[in-house]
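J.: Okay, here's the structure, questions in a sec.
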Amino acid sequence: MIHFENVGLRYGLGPEILRDITFDIPASSFQFLTGPSGAGKTTLLKLLFLSLKPTRGLIRMFDRDIASIPREDLPMLRRRIGIVFQDFQLLDHLTTYENVSLPLRVRGKEEHTYRSDVIELLKWVGLGQRINVLPPVLSGGEKQRAAIARALMDQPEILLADEPTGNVDPPMARRLLGLFRELNRQGTAVLIATHDFALMDQVDARRMILSDGRLEIYS
Ligand SMILES: Nc1ncnc2c1ncn2[C@@H]1O[C@H](COP(=O)(O)OP(=O)(O)OP(=O)(O)O)[C@@H](O)[C@H]1O
């Protein structure tokens, strides 16, 4: 589904942050991305979300070479990828429901076409009682689940999550992991970037370890 081959990335004229990165992400797979702080995990997620272009190497996504994709086709492709950012990026003046449905509203969809789907999704992530509250009232774990619900709105083929358990206690981390595993059982590929070894130890999944700009993979 996703193939990286000898990918390198530098910001401006700076040093290469990622070097000769080669890996595949098969459909319906589950993996962790880890490595020391500053190793380039967020940068690799940005490449996967097509918000950065590599400075060298080949990236194929959904059978297309991303170097030859016209800019106007990127939004369509991004809809097949869900992403949960480290800082959630929820809008504080919109309710949980409005935050999750915003991408659909922006695209001009009529509310009656998505309302029940959004509510069902919010119930699925355990926010059935928090539909009409504003993000400042939500706990860290609830914000995280709202951000996950928003990332899942378009039924992506892969979900990318950056430090999803960074701001929650261990029981909530287990609950979030349960959500990711359930999603994966339903067929969505999942990639979780994390420093949390306790979290990784709970799942027998592939570990992609970045250090010094290079990637090693332990299956
Ligand atoms: N926009 C940018 N311009 C220049 N350098 C950047 C930029 N973004 C990140 N970097 C540098 O790239 C390197 C990798 O950063 P990145 O945020 O990808 O690491 P990370 O592994 O996600 O770190 P953390 O675990 O602390 O979040 C760091 O040295 C960082 O300073």
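Residues in the structure tokens are named by chain (A, B, ... in the order shown) and by number from 1 within that chain; ligands are numbered from 1 in the order shown.
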Find the spatial neighbours of segment 70-78 of chain A, counting only C-alpha atoms, within a cut-off of 12 Å - ignore same-chain residues fewer than 6 positions away - and output them as a PyMOL selection string.
T.: chain A and resi 46-53+60-64+103+107+151+154-160
J.: May I have the selected residues written with N, CA and C atoms, as a PDB file, in the first residue's frame?
T.:
ATOM      1  N   LYS A  46       5.015  13.241   8.431  1.00  0.00           N
ATOM      2  CA  LYS A  46       4.650  14.284   7.457  1.00  0.00           C
ATOM      3  C   LYS A  46       4.864  13.797   6.027  1.00  0.00           C
ATOM      4  N   LEU A  47       5.913  13.003   5.819  1.00  0.00           N
ATOM      5  CA  LEU A  47       6.118  12.423   4.477  1.00  0.00           C
ATOM      6  C   LEU A  47       4.970  11.476   4.150  1.00  0.00           C
ATOM      7  N   LEU A  48       4.563  10.685   5.170  1.00  0.00           N
ATOM      8  CA  LEU A  48       3.478   9.724   4.943  1.00  0.00           C
ATOM      9  C   LEU A  48       2.145  10.429   4.695  1.00  0.00           C
ATOM     10  N   PHE A  49       1.988  11.614   5.263  1.00  0.00           N
ATOM     11  CA  PHE A  49       0.733  12.346   5.086  1.00  0.00           C
ATOM     12  C   PHE A  49       0.818  13.278   3.864  1.00  0.00           C
ATOM     13  N   LEU A  50       1.921  13.217   3.151  1.00  0.00           N
ATOM     14  CA  LEU A  50       2.117  14.009   1.938  1.00  0.00           C
ATOM     15  C   LEU A  50       2.138  15.508   2.226  1.00  0.00           C
ATOM     16  N   SER A  51       2.542  15.886   3.452  1.00  0.00           N
ATOM     17  CA  SER A  51       2.647  17.318   3.695  1.00  0.00           C
ATOM     18  C   SER A  51       4.097  17.775   3.547  1.00  0.00           C
ATOM     19  N   LEU A  52       4.997  16.828   3.314  1.00  0.00           N
ATOM     20  CA  LEU A  52       6.383  17.153   2.964  1.00  0.00           C
ATOM     21  C   LEU A  52       6.749  16.281   1.762  1.00  0.00           C
ATOM     22  N   LYS A  53       7.647  16.801   0.921  1.00  0.00           N
ATOM     23  CA  LYS A  53       8.147  15.966  -0.183  1.00  0.00           C
ATOM     24  C   LYS A  53       9.568  15.528   0.150  1.00  0.00           C
ATOM     25  N   ARG A  60       5.956   5.466  -3.069  1.00  0.00           N
ATOM     26  CA  ARG A  60       4.737   5.062  -3.775  1.00  0.00           C
ATOM     27  C   ARG A  60       3.622   4.930  -2.747  1.00  0.00           C
ATOM     28  N   MET A  61       2.474   5.501  -3.072  1.00  0.00           N
ATOM     29  CA  MET A  61       1.319   5.362  -2.180  1.00  0.00           C
ATOM     30  C   MET A  61       0.127   4.977  -3.003  1.00  0.00           C
ATOM     31  N   PHE A  62      -0.572   3.962  -2.562  1.00  0.00           N
ATOM     32  CA  PHE A  62      -1.765   3.499  -3.272  1.00  0.00           C
ATOM     33  C   PHE A  62      -1.477   3.351  -4.771  1.00  0.00           C
ATOM     34  N   ASP A  63      -0.313   2.727  -5.056  1.00  0.00           N
ATOM     35  CA  ASP A  63       0.087   2.443  -6.435  1.00  0.00           C
ATOM     36  C   ASP A  63       0.422   3.664  -7.277  1.00  0.00           C
ATOM     37  N   ARG A  64       0.703   4.780  -6.630  1.00  0.00           N
ATOM     38  CA  ARG A  64       1.121   5.949  -7.406  1.00  0.00           C
ATOM     39  C   ARG A  64       2.444   6.484  -6.883  1.00  0.00           C
ATOM     40  N   PRO A 103     -14.416  18.562   8.473  1.00  0.00           N
ATOM     41  CA  PRO A 103     -13.894  18.284   7.120  1.00  0.00           C
ATOM     42  C   PRO A 103     -15.012  18.045   6.106  1.00  0.00           C
ATOM     43  N   ARG A 107     -16.202  20.526   2.846  1.00  0.00           N
ATOM     44  CA  ARG A 107     -16.353  20.009   1.479  1.00  0.00           C
ATOM     45  C   ARG A 107     -17.751  20.229   0.920  1.00  0.00           C
ATOM     46  N   ALA A 151     -10.102  11.845  12.478  1.00  0.00           N
ATOM     47  CA  ALA A 151      -9.211  11.202  11.499  1.00  0.00           C
ATOM     48  C   ALA A 151      -9.911  10.030  10.801  1.00  0.00           C
ATOM     49  N   ASP A 154     -13.383   9.882   7.238  1.00  0.00           N
ATOM     50  CA  ASP A 154     -13.410   9.501   5.818  1.00  0.00           C
ATOM     51  C   ASP A 154     -13.075   8.034   5.596  1.00  0.00           C
ATOM     52  N   GLN A 155     -13.153   7.225   6.653  1.00  0.00           N
ATOM     53  CA  GLN A 155     -12.804   5.805   6.564  1.00  0.00           C
ATOM     54  C   GLN A 155     -11.479   5.592   5.830  1.00  0.00           C
ATOM     55  N   PRO A 156     -10.381   6.134   6.416  1.00  0.00           N
ATOM     56  CA  PRO A 156      -9.081   6.043   5.746  1.00  0.00           C
ATOM     57  C   PRO A 156      -8.577   4.601   5.684  1.00  0.00           C
ATOM     58  N   GLU A 157      -7.659   4.361   4.742  1.00  0.00           N
ATOM     59  CA  GLU A 157      -7.065   3.023   4.638  1.00  0.00           C
ATOM     60  C   GLU A 157      -5.921   2.855   5.628  1.00  0.00           C
ATOM     61  N   ILE A 158      -5.358   4.003   6.050  1.00  0.00           N
ATOM     62  CA  ILE A 158      -4.304   3.952   7.076  1.00  0.00           C
ATOM     63  C   ILE A 158      -4.519   5.090   8.064  1.00  0.00           C
ATOM     64  N   LEU A 159      -4.289   4.782   9.339  1.00  0.00           N
ATOM     65  CA  LEU A 159      -4.353   5.807  10.377  1.00  0.00           C
ATOM     66  C   LEU A 159      -2.955   6.018  10.932  1.00  0.00           C
ATOM     67  N   LEU A 160      -2.504   7.289  10.935  1.00  0.00           N
ATOM     68  CA  LEU A 160      -1.211   7.651  11.508  1.00  0.00           C
ATOM     69  C   LEU A 160      -1.474   8.400  12.800  1.00  0.00           C
TER      70      LEU A 160
END
J.: Kindly work out which residues sit at most 7 Å from ligand 1, using only C-alpha atoms and all ligand atoms, and give the list as a list in words.
T.: Tyr11, Ile17, Gly35, Pro36, Ser37, Gly38, Ala39, Gly40, Lys41, Thr42, Thr43 and Leu44 of chain A
J.: Dump C-alpha atoms for the selected residues as a PDB file, in the first residue's frame?
T.:
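Below is the file that was written, again_16.pdb:
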ATOM      1  CA  TYR A  11      14.954  20.912   5.739  1.00  0.00           C
ATOM      2  CA  ILE A  17      17.250  14.346   8.916  1.00  0.00           C
ATOM      3  CA  GLY A  35      13.229   6.298  18.314  1.00  0.00           C
ATOM      4  CA  PRO A  36      14.842   8.975  20.449  1.00  0.00           C
ATOM      5  CA  SER A  37      13.456  12.481  20.598  1.00  0.00           C
ATOM      6  CA  GLY A  38      14.456  14.428  17.503  1.00  0.00           C
ATOM      7  CA  ALA A  39      15.140  11.266  15.482  1.00  0.00           C
ATOM      8  CA  GLY A  40      12.635  12.320  12.821  1.00  0.00           C
ATOM      9  CA  LYS A  41       9.392  10.495  13.667  1.00  0.00           C
ATOM     10  CA  THR A  42       7.164  13.521  13.095  1.00  0.00           C
ATOM     11  CA  THR A  43       9.072  14.277   9.903  1.00  0.00           C
ATOM     12  CA  LEU A  44       8.453  10.727   8.645  1.00  0.00           C
TER      13      LEU A  44
END
J.: If you run DSSP over the backbone, which residues in segment 121-185 of chain A end up strand (DSSP E)? Put them as a list in words.
T.: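 Put together, the selection reads Ile158, Leu159, Leu160, Ala161 and Asp162 of chain A.
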J.: Keeping N, CA and C atoms, export the residues of the selection given above as a PDB file, in the first residue's frame.
T.:
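The file below, again_31.pdb, is the result:
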ATOM      1  N   ILE A 158      -5.358   4.003   6.050  1.00  0.00           N
ATOM      2  CA  ILE A 158      -4.304   3.952   7.076  1.00  0.00           C
ATOM      3  C   ILE A 158      -4.519   5.090   8.064  1.00  0.00           C
ATOM      4  N   LEU A 159      -4.289   4.782   9.339  1.00  0.00           N
ATOM      5  CA  LEU A 159      -4.353   5.807  10.377  1.00  0.00           C
ATOM      6  C   LEU A 159      -2.955   6.018  10.932  1.00  0.00           C
ATOM      7  N   LEU A 160      -2.504   7.289  10.935  1.00  0.00           N
ATOM      8  CA  LEU A 160      -1.211   7.651  11.508  1.00  0.00           C
ATOM      9  C   LEU A 160      -1.474   8.400  12.800  1.00  0.00           C
ATOM     10  N   ALA A 161      -0.801   8.019  13.884  1.00  0.00           N
ATOM     11  CA  ALA A 161      -1.032   8.718  15.147  1.00  0.00           C
ATOM     12  C   ALA A 161       0.310   9.108  15.754  1.00  0.00           C
ATOM     13  N   ASP A 162       0.464  10.401  16.079  1.00  0.00           N
ATOM     14  CA  ASP A 162       1.719  10.909  16.624  1.00  0.00           C
ATOM     15  C   ASP A 162       1.602  10.998  18.143  1.00  0.00           C
TER      16      ASP A 162
END
J.: What is the distance, in Å and to one decimal place, between atom CA of Arg214 of chain A and atom CA of Arg56 of chain A?
T.: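 Going from atom CA of Arg214 of chain A over to atom CA of Arg56 of chain A, I get 14.2 Å.
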J.: Compile a residue-level contact table for segment 33-114 of chain A against segment 133-136 of chain A at a cut-off of 10 Å, reporting for every qualifying residue the shortest atom pair and its distance in Å to one decimal, with only C-alpha atoms counted, rows ordered by chain and ascending number, as a Markdown table.
T.:
| residue | atom | partner | partner_atom | distance |
| --- | --- | --- | --- | --- |
| A:Leu90 | CA | A:Pro135 | CA | 6.9 |
| A:Leu91 | CA | A:Pro135 | CA | 7.3 |
| A:Asp92 | CA | A:Pro135 | CA | 5.3 |
| A:His93 | CA | A:Leu134 | CA | 6.5 |
| A:Leu94 | CA | A:Leu134 | CA | 6.0 |
| A:Thr95 | CA | A:Leu134 | CA | 4.4 |
| A:Thr96 | CA | A:Val133 | CA | 6.0 |
| A:Tyr97 | CA | A:Val133 | CA | 8.2 |
| A:Glu98 | CA | A:Leu134 | CA | 9.2 |
| A:Asn99 | CA | A:Pro135 | CA | 8.9 |
J.: At a cut-off of 7 Å, using only C-alpha atoms, what residues contact Gly8 of chain A? Leave out same-chain residues fewer than 3 positions from it and give the result as an mmCIF file with C-alpha atoms, in the first residue's frame.
T.:
data_model
loop_
_atom_site.group_PDB
_atom_site.id
_atom_site.type_symbol
_atom_site.label_atom_id
_atom_site.label_comp_id
_atom_site.auth_asym_id
_atom_site.auth_seq_id
_atom_site.Cartn_x
_atom_site.Cartn_y
_atom_site.Cartn_z
ATOM 1 C CA GLU A 16 19.783 15.174 6.179
ATOM 2 C CA LEU A 18 16.190 11.075 7.266
ATOM 3 C CA ARG A 19 18.643 8.973 5.258
ATOM 4 C CA ASP A 20 18.069 6.009 2.952
ATOM 5 C CA ILE A 21 14.734 5.121 4.491
ATOM 6 C CA PRO A 54 11.310 13.880 0.081
ATOM 7 C CA THR A 55 14.545 15.472 -1.091
ATOM 8 C CA ARG A 56 15.516 12.147 -2.660
ATOM 9 C CA GLY A 57 14.260 8.616 -3.111
#
J.: Which residue out of A:Leu58, A:Leu45, A:Val125, A:Ala147 has the minimum interatomic distance to Phe88 of chain A when only C-alpha atoms are used?
T.: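 The answer is A:Ala147, which sits nearest to Phe88 of chain A.
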J.: Taking the DSSP assignment computed from this structure's backbone, write out as a PyMOL selection string all residues of segment 4-192 of chain A that belong to alpha helix (DSSP H).
T.: chain A and resi 41-48+74-78+96-106+111-124+140-152+170-185
J.: Just give me the gap between atom CA of Ser101 of chain A and atom CA of Lys143 of chain A in Å, one decimal is fine.
T.: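 Taking atom CA of Ser101 of chain A and atom CA of Lys143 of chain A, their separation equals 14.7 Å.
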J.: I want to know what sits within 12 Å of Val203 of chain A, based on only C-alpha atoms, with residues of the same chain fewer than 2 positions away left out; could you give that as a list of chain:residue names?
T.: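 Neighbouring residues, sequence-local ones excluded: A:Phe30, A:Gln31, A:Phe32, A:Arg174, A:Leu177, A:Gly178, A:Phe180, A:Arg181, A:Ile192, A:Phe197, A:Ala198, A:Leu199, A:Met200, A:Asp201, A:Ala205, A:Arg206, A:Arg207, A:Ser219.
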J.: Include C-alpha atoms and write out the residues we just selected as a short mmCIF file (atom, residue, chain, number, x, y, z; two decimals), in the first residue's frame.
T.:
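Output contents, as saved in result_38.cif:
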data_model
loop_
_atom_site.label_atom_id
_atom_site.label_comp_id
_atom_site.auth_asym_id
_atom_site.auth_seq_id
_atom_site.Cartn_x
_atom_site.Cartn_y
_atom_site.Cartn_z
CA PHE A 30 -0.15 -2.65 12.51
CA GLN A 31 3.19 -1.06 13.42
CA PHE A 32 4.91 1.25 15.85
CA ARG A 174 -4.61 0.97 27.18
CA LEU A 177 -4.57 1.13 22.18
CA GLY A 178 -7.70 -1.07 22.30
CA PHE A 180 -6.48 1.26 17.48
CA ARG A 181 -6.41 -2.54 17.59
CA ILE A 192 1.61 4.70 15.93
CA PHE A 197 7.69 1.21 25.63
CA ALA A 198 4.98 0.04 28.03
CA LEU A 199 2.49 0.65 25.22
CA MET A 200 4.58 -1.17 22.61
CA ASP A 201 5.07 -4.14 24.92
CA ALA A 205 3.62 -5.66 16.35
CA ARG A 206 6.37 -4.59 14.01
CA ARG A 207 8.67 -1.87 15.41
CA SER A 219 9.19 -7.74 13.08
#
J.: Using atom CA of Ile66 of chain A and atom CA of Leu102 of chain A as the two end points, give the distance in Å to one decimal.
T.: 26.8 Å
J.: Name the residues in contact with Gly141 of chain A at a cut-off of 7 Å, using only C-alpha atoms, excluding same-chain residues fewer than 3 positions from it; report them as a VMD selection string.
T.: chain A and resid 144 to 145 168 172
J.: For Tyr114 of chain A, which residue out of A:Leu183, A:Met153, A:Thr188, A:Gly14 is the nearest one, using only C-alpha atoms?
T.: A:Met153
